[in-house]
Amino acid sequence: NMPPSKRDTKLLSALLPYYGRLAGNRELPPEKVVEVNGILGVCAFRSGDFELAEKAFRRLVEINPSANALNRLAETLRRRGRTEEAASVAQRVADGYMNATNMTDRYEAALALESLSRRKGRSADRKQSFALAKMLREGEPNNPDFRFLYARLLAESPNLESASNRTVAVKSAFVLLSDLATEFPDRPEYGKELVTAMDRRLRNGTAFKKVNRADVELAVETADRLPGRYPNVPEIVSAVVAFRDTYATYLRKLGDPRTANRESLRTTGMLELLSHNPET
(Lines give C-alpha, C1' and ligand atoms only; values in the text may rest on other atoms or scores of the structure.)
Protein backbone atom coordinates (compact mmCIF):
# COMPACT_ATOMS: atom_id res chain seq x y z
CA ASN A 1 0.00 0.00 0.00
CA MET A 2 3.01 2.31 0.38
CA PRO A 3 4.38 4.16 -2.67
CA PRO A 4 7.16 1.77 -3.77
CA SER A 5 10.75 2.85 -4.39
CA LYS A 6 13.15 1.34 -6.91
CA ARG A 7 15.22 0.00 -4.02
CA ASP A 8 12.20 -1.81 -2.57
CA THR A 9 11.28 -3.38 -5.89
CA LYS A 10 14.86 -4.57 -6.46
CA LEU A 11 14.66 -6.29 -3.07
CA LEU A 12 11.34 -7.91 -3.99
CA SER A 13 12.86 -9.10 -7.26
CA ALA A 14 15.86 -10.62 -5.48
CA LEU A 15 13.59 -12.45 -3.03
CA LEU A 16 11.19 -13.78 -5.67
CA PRO A 17 13.20 -16.92 -6.63
CA TYR A 18 13.43 -17.90 -2.96
CA TYR A 19 9.69 -17.37 -2.58
CA GLY A 20 9.10 -19.60 -5.60
CA ARG A 21 11.16 -22.42 -4.08
CA LEU A 22 9.52 -22.03 -0.68
CA ALA A 23 6.09 -22.06 -2.33
CA GLY A 24 6.99 -25.26 -4.15
CA ASN A 25 8.33 -26.94 -1.00
CA ARG A 26 5.21 -26.01 0.94
CA GLU A 27 3.00 -27.05 -1.99
CA LEU A 28 1.33 -23.65 -2.09
CA PRO A 29 -1.17 -23.19 -4.91
CA PRO A 30 0.17 -21.64 -8.14
CA GLU A 31 -2.16 -18.69 -7.55
CA LYS A 32 0.17 -17.51 -4.76
CA VAL A 33 3.15 -17.36 -7.12
CA VAL A 34 0.96 -15.54 -9.65
CA GLU A 35 -0.06 -13.06 -6.96
CA VAL A 36 3.53 -12.35 -5.94
CA ASN A 37 4.65 -11.79 -9.54
CA GLY A 38 1.72 -9.44 -10.00
CA ILE A 39 2.64 -7.46 -6.88
CA LEU A 40 6.26 -7.20 -8.01
CA GLY A 41 5.23 -6.02 -11.47
CA VAL A 42 2.87 -3.38 -10.10
CA CYS A 43 5.45 -2.10 -7.60
CA ALA A 44 8.17 -1.95 -10.26
CA PHE A 45 5.83 -0.16 -12.68
CA ARG A 46 4.74 2.39 -10.07
CA SER A 47 8.35 3.09 -9.08
CA GLY A 48 9.32 3.64 -12.73
CA ASP A 49 11.46 0.52 -13.08
CA PHE A 50 9.86 -0.61 -16.33
CA GLU A 51 12.59 -3.12 -17.16
CA LEU A 52 11.89 -5.03 -13.98
CA ALA A 53 8.13 -4.59 -14.47
CA GLU A 54 8.38 -6.17 -17.91
CA LYS A 55 10.23 -9.20 -16.52
CA ALA A 56 7.61 -9.65 -13.79
CA PHE A 57 4.66 -9.30 -16.15
CA ARG A 58 6.23 -11.66 -18.68
CA ARG A 59 6.57 -14.28 -15.94
CA LEU A 60 2.98 -13.58 -14.97
CA VAL A 61 1.78 -14.08 -18.57
CA GLU A 62 3.74 -17.34 -18.82
CA ILE A 63 2.07 -18.66 -15.65
CA ASN A 64 -1.38 -17.20 -16.24
CA PRO A 65 -1.99 -15.43 -19.59
CA SER A 66 -5.06 -13.55 -18.41
CA ALA A 67 -6.44 -10.42 -20.06
CA ASN A 68 -5.29 -8.31 -17.10
CA ALA A 69 -1.74 -9.69 -17.19
CA LEU A 70 -1.49 -9.10 -20.94
CA ASN A 71 -2.74 -5.53 -20.59
CA ARG A 72 -0.19 -4.80 -17.87
CA LEU A 73 2.56 -6.17 -20.10
CA ALA A 74 1.34 -4.05 -23.02
CA GLU A 75 1.34 -0.87 -20.93
CA THR A 76 4.84 -1.62 -19.66
CA LEU A 77 6.09 -2.15 -23.22
CA ARG A 78 4.58 1.21 -24.22
CA ARG A 79 6.41 2.90 -21.37
CA ARG A 80 9.63 1.34 -22.66
CA GLY A 81 8.97 2.76 -26.13
CA ARG A 82 8.26 -0.57 -27.82
CA THR A 83 4.96 0.56 -29.29
CA GLU A 84 4.59 -2.05 -32.02
CA GLU A 85 5.09 -4.92 -29.60
CA ALA A 86 2.72 -3.27 -27.13
CA ALA A 87 0.07 -2.88 -29.83
CA SER A 88 0.40 -6.54 -30.76
CA VAL A 89 -0.22 -7.61 -27.15
CA ALA A 90 -3.15 -5.19 -26.81
CA GLN A 91 -4.69 -6.49 -30.03
CA ARG A 92 -4.46 -10.00 -28.61
CA VAL A 93 -6.54 -8.85 -25.62
CA ALA A 94 -9.08 -7.01 -27.78
CA ASP A 95 -9.57 -9.96 -30.14
CA GLY A 96 -9.63 -12.58 -27.42
CA TYR A 97 -11.89 -10.95 -24.84
CA MET A 98 -14.20 -8.49 -26.60
CA ASN A 99 -17.08 -10.97 -26.52
CA ALA A 100 -16.18 -12.68 -23.25
CA THR A 101 -19.00 -13.62 -20.92
CA ASN A 102 -16.98 -12.35 -17.95
CA MET A 103 -17.53 -8.60 -17.46
CA THR A 104 -14.02 -8.10 -16.08
CA ASP A 105 -12.49 -9.63 -19.21
CA ARG A 106 -14.65 -7.40 -21.39
CA TYR A 107 -13.41 -4.44 -19.40
CA GLU A 108 -9.83 -5.46 -20.18
CA ALA A 109 -10.77 -5.67 -23.87
CA ALA A 110 -12.19 -2.14 -23.67
CA LEU A 111 -8.93 -0.91 -22.10
CA ALA A 112 -6.94 -2.59 -24.87
CA LEU A 113 -9.12 -0.96 -27.53
CA GLU A 114 -8.71 2.42 -25.84
CA SER A 115 -4.94 1.97 -25.97
CA LEU A 116 -5.03 0.94 -29.62
CA SER A 117 -7.22 3.94 -30.48
CA ARG A 118 -4.37 6.31 -29.58
CA ARG A 119 -2.46 5.11 -32.62
CA LYS A 120 -2.97 7.00 -35.87
CA GLY A 121 -6.00 5.93 -37.89
CA ARG A 122 -7.55 3.78 -35.15
CA SER A 123 -10.60 5.91 -34.28
CA ALA A 124 -12.90 2.91 -34.80
CA ASP A 125 -11.21 1.26 -31.83
CA ARG A 126 -12.21 4.20 -29.62
CA LYS A 127 -15.86 3.87 -30.67
CA GLN A 128 -15.74 0.16 -29.93
CA SER A 129 -14.09 0.79 -26.56
CA PHE A 130 -16.76 3.34 -25.67
CA ALA A 131 -19.56 0.97 -26.69
CA LEU A 132 -18.13 -1.66 -24.35
CA ALA A 133 -17.63 0.90 -21.56
CA LYS A 134 -21.23 2.08 -21.89
CA MET A 135 -22.52 -1.48 -21.78
CA LEU A 136 -20.36 -2.29 -18.74
CA ARG A 137 -21.48 0.83 -16.87
CA GLU A 138 -25.13 0.12 -17.56
CA GLY A 139 -24.68 -3.50 -16.45
CA GLU A 140 -22.85 -2.62 -13.22
CA PRO A 141 -23.56 1.06 -12.45
CA ASN A 142 -21.75 0.93 -9.09
CA ASN A 143 -18.50 -0.47 -10.43
CA PRO A 144 -15.93 2.37 -10.17
CA ASP A 145 -13.63 0.97 -12.87
CA PHE A 146 -16.47 0.80 -15.39
CA ARG A 147 -17.65 4.29 -14.46
CA PHE A 148 -14.13 5.65 -14.78
CA LEU A 149 -13.52 4.20 -18.22
CA TYR A 150 -16.84 5.53 -19.50
CA ALA A 151 -16.22 9.02 -18.07
CA ARG A 152 -12.62 9.13 -19.28
CA LEU A 153 -13.54 8.27 -22.85
CA LEU A 154 -16.49 10.64 -22.89
CA ALA A 155 -14.57 13.58 -21.43
CA GLU A 156 -11.93 13.20 -24.11
CA SER A 157 -14.31 12.53 -27.02
CA PRO A 158 -17.82 13.88 -26.32
CA ASN A 159 -18.94 13.06 -29.87
CA LEU A 160 -18.89 9.39 -28.95
CA GLU A 161 -22.37 9.88 -27.50
CA SER A 162 -25.34 10.19 -29.81
CA ALA A 163 -26.41 13.72 -30.78
CA SER A 164 -29.58 13.43 -28.69
CA ASN A 165 -27.60 12.60 -25.53
CA ARG A 166 -24.53 14.71 -26.21
CA THR A 167 -25.32 17.81 -24.16
CA VAL A 168 -26.21 15.89 -21.03
CA ALA A 169 -23.40 13.39 -21.57
CA VAL A 170 -20.64 15.98 -21.85
CA LYS A 171 -21.69 17.54 -18.55
CA SER A 172 -22.01 14.20 -16.83
CA ALA A 173 -18.47 13.16 -17.81
CA PHE A 174 -16.91 15.75 -15.50
CA VAL A 175 -19.53 15.27 -12.82
CA LEU A 176 -18.92 11.52 -12.87
CA LEU A 177 -15.16 12.03 -12.54
CA SER A 178 -15.75 14.40 -9.63
CA ASP A 179 -18.08 11.90 -7.96
CA LEU A 180 -15.46 9.18 -8.30
CA ALA A 181 -12.72 11.40 -6.86
CA THR A 182 -14.95 12.23 -3.88
CA GLU A 183 -16.14 8.67 -3.26
CA PHE A 184 -12.67 7.15 -3.59
CA PRO A 185 -10.10 9.60 -2.23
CA ASP A 186 -7.49 6.83 -2.16
CA ARG A 187 -7.65 6.53 -5.97
CA PRO A 188 -5.67 9.56 -7.21
CA GLU A 189 -6.18 8.66 -10.86
CA TYR A 190 -9.80 9.81 -10.67
CA GLY A 191 -8.96 13.35 -9.63
CA LYS A 192 -5.96 13.47 -11.93
CA GLU A 193 -8.11 12.51 -14.92
CA LEU A 194 -10.63 15.23 -14.07
CA VAL A 195 -8.05 18.03 -14.05
CA THR A 196 -6.25 16.59 -17.10
CA ALA A 197 -9.48 16.29 -19.09
CA MET A 198 -10.49 19.84 -18.21
CA ASP A 199 -6.99 21.06 -19.08
CA ARG A 200 -7.40 19.56 -22.56
CA ARG A 201 -10.86 21.06 -22.93
CA LEU A 202 -9.78 24.60 -21.96
CA ARG A 203 -6.81 24.46 -24.35
CA ASN A 204 -8.98 23.36 -27.27
CA GLY A 205 -9.05 26.50 -29.48
CA THR A 206 -12.30 28.42 -29.12
CA ALA A 207 -14.11 25.46 -27.53
CA PHE A 208 -13.30 26.85 -24.08
CA LYS A 209 -16.24 29.25 -24.49
CA LYS A 210 -18.65 26.30 -24.58
CA VAL A 211 -17.36 24.70 -21.40
CA ASN A 212 -19.83 24.58 -18.54
CA ARG A 213 -18.45 26.86 -15.82
CA ALA A 214 -19.73 24.52 -13.11
CA ASP A 215 -17.59 21.75 -14.59
CA VAL A 216 -14.57 24.05 -14.52
CA GLU A 217 -15.19 24.74 -10.85
CA LEU A 218 -15.32 20.99 -10.15
CA ALA A 219 -11.86 20.69 -11.69
CA VAL A 220 -10.57 23.67 -9.67
CA GLU A 221 -11.86 22.18 -6.40
CA THR A 222 -10.24 18.85 -7.23
CA ALA A 223 -6.96 20.53 -8.21
CA ASP A 224 -6.94 22.32 -4.84
CA ARG A 225 -7.24 19.00 -2.94
CA LEU A 226 -4.86 16.73 -4.85
CA PRO A 227 -1.44 18.21 -3.94
CA GLY A 228 -2.28 18.07 -0.24
CA ARG A 229 -3.16 14.39 -0.51
CA TYR A 230 -0.38 13.39 -2.90
CA PRO A 231 2.47 15.91 -2.53
CA ASN A 232 5.10 13.30 -3.40
CA VAL A 233 3.54 11.95 -6.60
CA PRO A 234 5.14 13.82 -9.54
CA GLU A 235 2.41 12.89 -12.03
CA ILE A 236 -0.29 14.36 -9.77
CA VAL A 237 1.59 17.58 -9.04
CA SER A 238 2.49 18.06 -12.73
CA ALA A 239 -1.13 17.56 -13.81
CA VAL A 240 -2.37 20.08 -11.23
CA VAL A 241 0.22 22.71 -12.15
CA ALA A 242 -0.50 22.31 -15.88
CA PHE A 243 -4.24 22.66 -15.28
CA ARG A 244 -3.90 25.69 -13.03
CA ASP A 245 -1.73 27.42 -15.64
CA THR A 246 -4.34 26.71 -18.31
CA TYR A 247 -7.09 27.85 -15.93
CA ALA A 248 -5.38 31.23 -15.46
CA THR A 249 -5.14 31.63 -19.24
CA TYR A 250 -8.81 30.69 -19.53
CA LEU A 251 -9.77 33.44 -17.05
CA ARG A 252 -7.76 36.00 -19.00
CA LYS A 253 -9.53 34.98 -22.22
CA LEU A 254 -12.83 35.50 -20.42
CA GLY A 255 -11.72 39.06 -19.56
CA ASP A 256 -10.98 38.45 -15.87
CA PRO A 257 -7.25 39.27 -15.49
CA ARG A 258 -7.52 40.07 -11.78
CA THR A 259 -8.77 36.60 -10.87
CA ALA A 260 -6.29 35.08 -13.33
CA ASN A 261 -3.38 36.82 -11.60
CA ARG A 262 -4.66 35.72 -8.20
CA GLU A 263 -4.83 32.10 -9.39
CA SER A 264 -1.29 32.34 -10.79
CA LEU A 265 -0.06 33.55 -7.40
CA ARG A 266 -1.86 30.65 -5.69
CA THR A 267 -0.10 28.20 -8.01
CA THR A 268 3.26 29.82 -7.26
CA GLY A 269 2.55 29.57 -3.53
CA MET A 270 1.62 25.90 -3.87
CA LEU A 271 4.89 25.18 -5.70
CA GLU A 272 6.89 26.99 -3.02
CA LEU A 273 5.25 24.91 -0.30
CA LEU A 274 5.94 21.68 -2.19
CA SER A 275 9.56 22.68 -2.86
CA HIS A 276 10.15 23.03 0.89
CA ASN A 277 8.74 19.57 1.59
CA PRO A 278 11.83 17.37 2.15
CA GLU A 279 9.99 14.31 0.84
CA THR A 280 8.83 15.91 -2.45
# chains A, B, ... in the order shown; residues from 1 in each chain; ligands from 1
call {"tool": "residues_around", "arguments": {"residues": "Tyr97 of chain A", "least_positions_apart": "3", "cutoff": "12 Å", "atoms": "only C-alpha atoms", "output": "number ranges by chain"}}
result
A: 66-68, 70-71, 90-94, 100-113, 132
call {"tool": "closest_atom_pairs", "arguments": {"of": "segment 34-127 of chain A", "to": "segment 229-234 of chain A", "cutoff": "12 Å", "atoms": "only C-alpha atoms", "output": "JSON lines"}}
result
{"residue": "A:Arg46", "atom": "CA", "partner": "A:Val233", "partner_atom": "CA", "distance": 10.2}
{"residue": "A:Ser47", "atom": "CA", "partner": "A:Val233", "partner_atom": "CA", "distance": 10.4}
{"residue": "A:Gly48", "atom": "CA", "partner": "A:Pro234", "partner_atom": "CA", "distance": 11.5}
call {"tool": "atom_distance", "arguments": {"atom1": "atom CA of Ala69 of chain A", "atom2": "atom CA of Arg118 of chain A"}}
result
20.4 Å
call {"tool": "select_by_dssp", "arguments": {"residues": "segment 27-65 of chain A", "states": "helix (DSSP H, G or I)", "output": "ChimeraX atom specification"}}
result
/A:30-46,50-63
call {"tool": "write_last_selection", "arguments": {"atoms": "N, CA, C and O atoms", "output": "tab-separated table (two decimals), in the first residue's frame"}}
result
chain	number	residue	atom	x	y	z
A	30	PRO	N	-0.48	-22.51	-7.16
A	30	PRO	CA	0.17	-21.64	-8.14
A	30	PRO	C	-0.34	-20.20	-8.09
A	30	PRO	O	0.37	-19.27	-8.46
A	31	GLU	N	-1.59	-20.04	-7.63
A	31	GLU	CA	-2.16	-18.69	-7.55
A	31	GLU	C	-1.32	-17.77	-6.67
A	31	GLU	O	-1.26	-16.56	-6.90
A	32	LYS	N	-0.65	-18.34	-5.65
A	32	LYS	CA	0.17	-17.51	-4.76
A	32	LYS	C	1.40	-16.98	-5.49
A	32	LYS	O	1.78	-15.82	-5.32
A	33	VAL	N	2.00	-17.81	-6.33
A	33	VAL	CA	3.15	-17.36	-7.12
A	33	VAL	C	2.70	-16.31	-8.13
A	33	VAL	O	3.39	-15.32	-8.38
A	34	VAL	N	1.53	-16.52	-8.73
A	34	VAL	CA	0.96	-15.54	-9.65
A	34	VAL	C	0.76	-14.21	-8.94
A	34	VAL	O	1.12	-13.14	-9.44
A	35	GLU	N	0.22	-14.28	-7.73
A	35	GLU	CA	-0.06	-13.06	-6.96
A	35	GLU	C	1.23	-12.29	-6.68
A	35	GLU	O	1.28	-11.06	-6.82
A	36	VAL	N	2.28	-13.01	-6.28
A	36	VAL	CA	3.53	-12.35	-5.94
A	36	VAL	C	4.16	-11.70	-7.18
A	36	VAL	O	4.68	-10.58	-7.13
A	37	ASN	N	4.13	-12.39	-8.30
A	37	ASN	CA	4.65	-11.79	-9.54
A	37	ASN	C	3.86	-10.54	-9.92
A	37	ASN	O	4.42	-9.56	-10.39
A	38	GLY	N	2.55	-10.60	-9.72
A	38	GLY	CA	1.72	-9.44	-10.00
A	38	GLY	C	2.07	-8.26	-9.13
A	38	GLY	O	2.18	-7.12	-9.59
A	39	ILE	N	2.28	-8.53	-7.82
A	39	ILE	CA	2.64	-7.46	-6.88
A	39	ILE	C	3.99	-6.85	-7.27
A	39	ILE	O	4.16	-5.63	-7.29
A	40	LEU	N	4.95	-7.70	-7.61
A	40	LEU	CA	6.26	-7.20	-8.01
A	40	LEU	C	6.15	-6.33	-9.25
A	40	LEU	O	6.74	-5.24	-9.32
A	41	GLY	N	5.38	-6.79	-10.23
A	41	GLY	CA	5.23	-6.02	-11.47
A	41	GLY	C	4.60	-4.66	-11.22
A	41	GLY	O	5.07	-3.64	-11.74
A	42	VAL	N	3.55	-4.64	-10.40
A	42	VAL	CA	2.87	-3.38	-10.10
A	42	VAL	C	3.81	-2.42	-9.36
A	42	VAL	O	3.89	-1.23	-9.67
A	43	CYS	N	4.53	-2.95	-8.37
A	43	CYS	CA	5.45	-2.10	-7.60
A	43	CYS	C	6.56	-1.55	-8.50
A	43	CYS	O	6.91	-0.37	-8.41
A	44	ALA	N	7.11	-2.40	-9.35
A	44	ALA	CA	8.17	-1.95	-10.26
A	44	ALA	C	7.63	-0.90	-11.23
A	44	ALA	O	8.29	0.12	-11.49
A	45	PHE	N	6.43	-1.12	-11.74
A	45	PHE	CA	5.83	-0.16	-12.68
A	45	PHE	C	5.61	1.17	-11.99
A	45	PHE	O	5.95	2.24	-12.53
A	46	ARG	N	5.03	1.15	-10.78
A	46	ARG	CA	4.74	2.39	-10.07
A	46	ARG	C	6.00	3.14	-9.68
A	46	ARG	O	5.99	4.37	-9.57
A	50	PHE	N	10.65	0.10	-15.33
A	50	PHE	CA	9.86	-0.61	-16.33
A	50	PHE	C	10.56	-1.87	-16.85
A	50	PHE	O	9.90	-2.80	-17.31
A	51	GLU	N	11.87	-1.90	-16.77
A	51	GLU	CA	12.59	-3.12	-17.16
A	51	GLU	C	12.23	-4.27	-16.24
A	51	GLU	O	11.92	-5.38	-16.69
A	52	LEU	N	12.26	-4.01	-14.95
A	52	LEU	CA	11.89	-5.03	-13.98
A	52	LEU	C	10.41	-5.37	-14.09
A	52	LEU	O	10.01	-6.53	-13.98
A	53	ALA	N	9.57	-4.35	-14.31
A	53	ALA	CA	8.13	-4.59	-14.47
A	53	ALA	C	7.87	-5.52	-15.64
A	53	ALA	O	7.04	-6.43	-15.55
A	54	GLU	N	8.58	-5.30	-16.75
A	54	GLU	CA	8.38	-6.17	-17.91
A	54	GLU	C	8.72	-7.62	-17.58
A	54	GLU	O	7.99	-8.55	-17.95
A	55	LYS	N	9.83	-7.83	-16.88
A	55	LYS	CA	10.23	-9.20	-16.52
A	55	LYS	C	9.15	-9.86	-15.66
A	55	LYS	O	8.80	-11.02	-15.87
A	56	ALA	N	8.64	-9.09	-14.69
A	56	ALA	CA	7.61	-9.65	-13.79
A	56	ALA	C	6.33	-9.97	-14.55
A	56	ALA	O	5.74	-11.04	-14.36
A	57	PHE	N	5.91	-9.07	-15.42
A	57	PHE	CA	4.66	-9.30	-16.15
A	57	PHE	C	4.81	-10.41	-17.19
A	57	PHE	O	3.86	-11.12	-17.48
A	58	ARG	N	6.01	-10.54	-17.75
A	58	ARG	CA	6.23	-11.66	-18.68
A	58	ARG	C	6.13	-12.99	-17.94
A	58	ARG	O	5.56	-13.96	-18.46
A	59	ARG	N	6.70	-13.05	-16.74
A	59	ARG	CA	6.57	-14.28	-15.94
A	59	ARG	C	5.10	-14.53	-15.61
A	59	ARG	O	4.63	-15.67	-15.64
A	60	LEU	N	4.39	-13.44	-15.31
A	60	LEU	CA	2.98	-13.58	-14.97
A	60	LEU	C	2.19	-14.12	-16.16
A	60	LEU	O	1.33	-15.00	-15.99
A	61	VAL	N	2.48	-13.62	-17.36
A	61	VAL	CA	1.78	-14.08	-18.57
A	61	VAL	C	2.10	-15.55	-18.85
A	61	VAL	O	1.24	-16.32	-19.29
A	62	GLU	N	3.35	-15.95	-18.60
A	62	GLU	CA	3.74	-17.34	-18.82
A	62	GLU	C	2.96	-18.28	-17.89
A	62	GLU	O	2.54	-19.36	-18.28
A	63	ILE	N	2.78	-17.82	-16.63
A	63	ILE	CA	2.07	-18.66	-15.65
A	63	ILE	C	0.56	-18.61	-15.87
A	63	ILE	O	-0.13	-19.62	-15.81
call {"tool": "atom_distance", "arguments": {"atom1": "atom CA of Arg147 of chain A", "atom2": "atom CA of Asp179 of chain A"}}
result
10.0 Å
call {"tool": "closest_residue", "arguments": {"among": "A:Thr268, A:Glu85, A:Asp49, A:Asp145", "to": "Phe184 of chain A", "atoms": "only C-alpha atoms"}}
result
A:Asp145
call {"tool": "atom_distance", "arguments": {"atom1": "atom CA of Ala239 of chain A", "atom2": "atom CA of Leu180 of chain A"}}
result
17.5 Å
call {"tool": "closest_residue", "arguments": {"among": "A:Asp95, A:Asp125, A:Glu161, A:Glu193", "to": "Leu149 of chain A", "atoms": "only C-alpha atoms"}}
result
A:Glu193
